[in-house]
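Data block below; observations after.
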Amino acid sequence: MSTCFMDRLKNNIVFVISLFMVLVFALPGVLYPDQFFSFATYVHEHIIALFGWGYLIAAFLFLVFCLYLAFSKYGAVKLGKQHEKPQFSYFGWFSMLFAAGMGIGLIFWGVAEPMSHYLNPPEHIEERSGEAAGFAMQYSFFHWGIQPWAIYITMSLSIAYFSFRRGMPPLISSCFYPLIGDRIYGPLGYVIDILGVFATIFGIVTSLGLGAMQITSGLGEVFAFEAGYMSTLTVIAVVTVLFMISTLSGVDKGIQILSKTNIVLAVVLLFFMLLVGPTVYIFNIFTQTIADFASGFLTMSLSTNPFEGYEWTQAWTLFYWAWWIAWAPFVGLFVASISRGRTISEFVAGALTVPVLLTFIWFSAFGGAAFDLELTQGADIAESIAGDVSVGLFLLYEHFPLTSILSIITILLLSVFFITSADSATFVLSMMTSSGMLNPPAYKKIIWGLVISTTAAILLYAGGLEALQQMAITAALPFTVIMLLMCVSLLRGLRYEFRVEGGPDQS
Amino acid sequence: MLEKTLLPLSLKEPEQNLEHLAGFISHFGTKKVYLCHVVSRRSAGQMQEIEQKLEYHAGIFRSRDMDAEILIREGTIANAVCKLTGELDADYLSIPWKKKNVIKRAIFSSPDIDLLRICSFPTLIYRPPGYLDSGNKPGTIVYATDCKETDQKVLPYLNTVPFHAEKLYFLHVRARAPDPDTEKKRIEELTEKLDRLADQCRDNYPEVKPLIATGSVRSLIPRKSRTAGADLIVIGRNEKSSPMNKMLGSNAESLPHRTNTPILIIT
């Protein structure tokens, strides 16, 4: 066997093993969906039950860590060489941050989550009460607010620092050089990167599958047809072609253009709801929930609720935290790749405020409009929205003028968000499996794009998507530990820069 | 430079340990030993007994041609010893060390630990050799250097004190650089720096070698010293203390808890 072949195999080891693992894990989902689902549920439930408290503490620590970095002397460090300027404008950067971080989920859960908590709050809160409504808004802010971004920031800061400032490949394993040295180039480093690929691919496969179902439901609502497997398959096929075109055009062009389009569409919808919807009611809800959120932030951040509401916390908060952590490798790598040239303070402040504020306004506008219909106009829509998340937003539109136009804009927005997520995921997967090349080979992008779509389509048919989602969340457990160590490693790197190299101005 | 030492003494200290200590410090060129015992309250009968015991111990040092003087003071041990060291203009303190486990240290502390923390004089932490140890002379010395300002304080000791050691290692333990290129450059710089330091001592030791280790200072100094077969670890105490060091103690303070090798802390 030639040395050349061995070198190529070594360079592509993460790629080969990850592809193999996708097969290993996706196959049972196709062949034995029920058993696979039971197994995945068992593993997932046990992890949440045993280590759920750890997710809460870890997410809170990530936030403290981000704030510490932003407000300490390390805040002045640039994610790149000290003379570098940011690659993207603020608008482009925020658009891509928002699209990669929240995007599609927010479109659906913006209405469905407040309604769901309102109908099914923890047992100590009376359902359909004013208290339940306040609780629903407060926890919607909490689940989509600061902690998820703190998780993403922790991951992206580390990757950006070690790759753009220290000149290492943009890989998760690179962040561990101060801790394990050259072992990042060995099995330990491969395991870290493969775990990142594993979480990303299963996350995006489930997201693509479930999202395609939701788009099909929306189209069914607008064009009055019965959504079935064939229509979903068509959506997947169209989306695949579009995101492949986008991803092959490169991150600079494709994702940026799509993300900016997204934000414009989202802002159009948001303004429509703020102006045509119950404006004063929405702003009242926004103001009240900001107050509730701020005053209850610490309590919510560390509440496992062992005495009452334990199951609710497990089903919602802990699920979300695990999901954000599982998403962190993908979002982290992507966000790192678009944040070159920004300082740590700027990065933390930007990512912790603008997307979070937009999320809060989104929830207030759409959740608030739904509450107005439910509580003041007696429209009784909460049950139907919470019952089918995919059509929740479309049901809300039925109570407003220009229903069809709003639905079409939303479907367009969903599709673009969808393409952006799949596009960035394909880019990130190709980068992670090409030893961190910033311009990964096109064939890898095509392979990952096809693997994602095919797996989603097959699992959608066989019915193993949710099991795969739970397997992706399982990856959150080792990733929590990996991310905590990442914080230590980043701190060591920064401390070294200040103590030995004399700080950012010397570099 | 290490001619006069103050030895705070518990009356329970085994005679054999003191004999070992006397043998060890004789290699430092020490000529004068102050044996000091601190009591919380004096009573006439007790004083006589203490004096007798101290005199007996002083005999051990006198038998090695050292001048030994006994002193009894009242108060808390750490404060009294520190004050006395200054008054007598002693060159260093010698502390016969007994290792304590973490729980005992945390709950009960000990006068030795307090002394180490508050005293700003050069200090020898001495633990007698075990059965398997080769001898009781500093044949191999490891100087744990931070490659910073403490070198200025320590090098005169290494070059002036007649240790008669065969080997001197310059050990530098440091954190790993954040990336491989910087790490490589850093190791090259450090090797050069350690070589320059070693050159300053080559005339006084038959063998001088630099050692570089990467990782935690607190755990690697003892480990690398053991591997190098050190009979004495020399370390400088940095007066600029970080908030973390103020809470957890400096590296020099933590070292005696982690190694059985005698340590000379230069301040």
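Going by the structure tokens order, chains are called A, B, ..., each with residues numbered from 1, while ligands are numbered from 1 in the order shown.
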Using only C-alpha atoms, find each residue of chain B with at least one atom at most 10 Å away from an atom of chain A; report its shortest atom-to-atom pair and that distance in Å (one decimal), sort the rows by chain and rising residue number, and return the result as a Markdown table.
```
| residue | atom | partner | partner_atom | distance |
| --- | --- | --- | --- | --- |
| B:Arg174 | CA | A:Tyr496 | CA | 9.9 |
| B:Ala175 | CA | A:Pro178 | CA | 7.6 |
| B:Arg176 | CA | A:Pro178 | CA | 5.3 |
| B:Ala177 | CA | A:Pro178 | CA | 6.0 |
| B:Pro178 | CA | A:Gly493 | CA | 4.8 |
| B:Asp179 | CA | A:Arg166 | CA | 5.9 |
| B:Pro180 | CA | A:Asp182 | CA | 7.7 |
| B:Asp181 | CA | A:Gly167 | CA | 8.6 |
| B:Thr182 | CA | A:Arg166 | CA | 8.4 |
| B:Glu183 | CA | A:Gly181 | CA | 9.2 |
| B:Arg186 | CA | A:Val500 | CA | 9.5 |
| B:Thr214 | CA | A:Gly181 | CA | 9.4 |
| B:Gly215 | CA | A:Leu179 | CA | 8.4 |
```
Those of range 139-214 of chain B in DSSP strand (DSSP E), formatted as a list in words
Thr140, Ile141, Val142, Tyr143, Ala144, Lys167, Leu168, Tyr169, Phe170, Leu171, His172, Val173, Arg174, Glu207, Val208, Lys209, Pro210, Leu211, Ile212, Ala213 and Thr214 of chain B
Between A:Thr433, A:Ser38, A:Ser339, A:Thr480, which is the closest to Ala351 in chain A once you count only C-alpha atoms?
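So, comparing all the options, the nearest one is A:Ser339.
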Excluding same-chain residues fewer than 3 positions from Phe121 in chain B, what lies within 7 Å of it counting only C-alpha atoms, as a list of chain:residue names?
B:Tyr92, B:Leu93, B:Thr267
Using DSSP secondary structure from the backbone, list all helix (DSSP H, G or I) positions within range 51-300 of chain A, as a VMD selection string.
chain A and resid 51 to 71 73 to 76 90 to 101 104 to 119 130 to 144 146 to 165 173 to 185 187 to 223 229 to 248 251 to 276 279 to 295 297 to 300
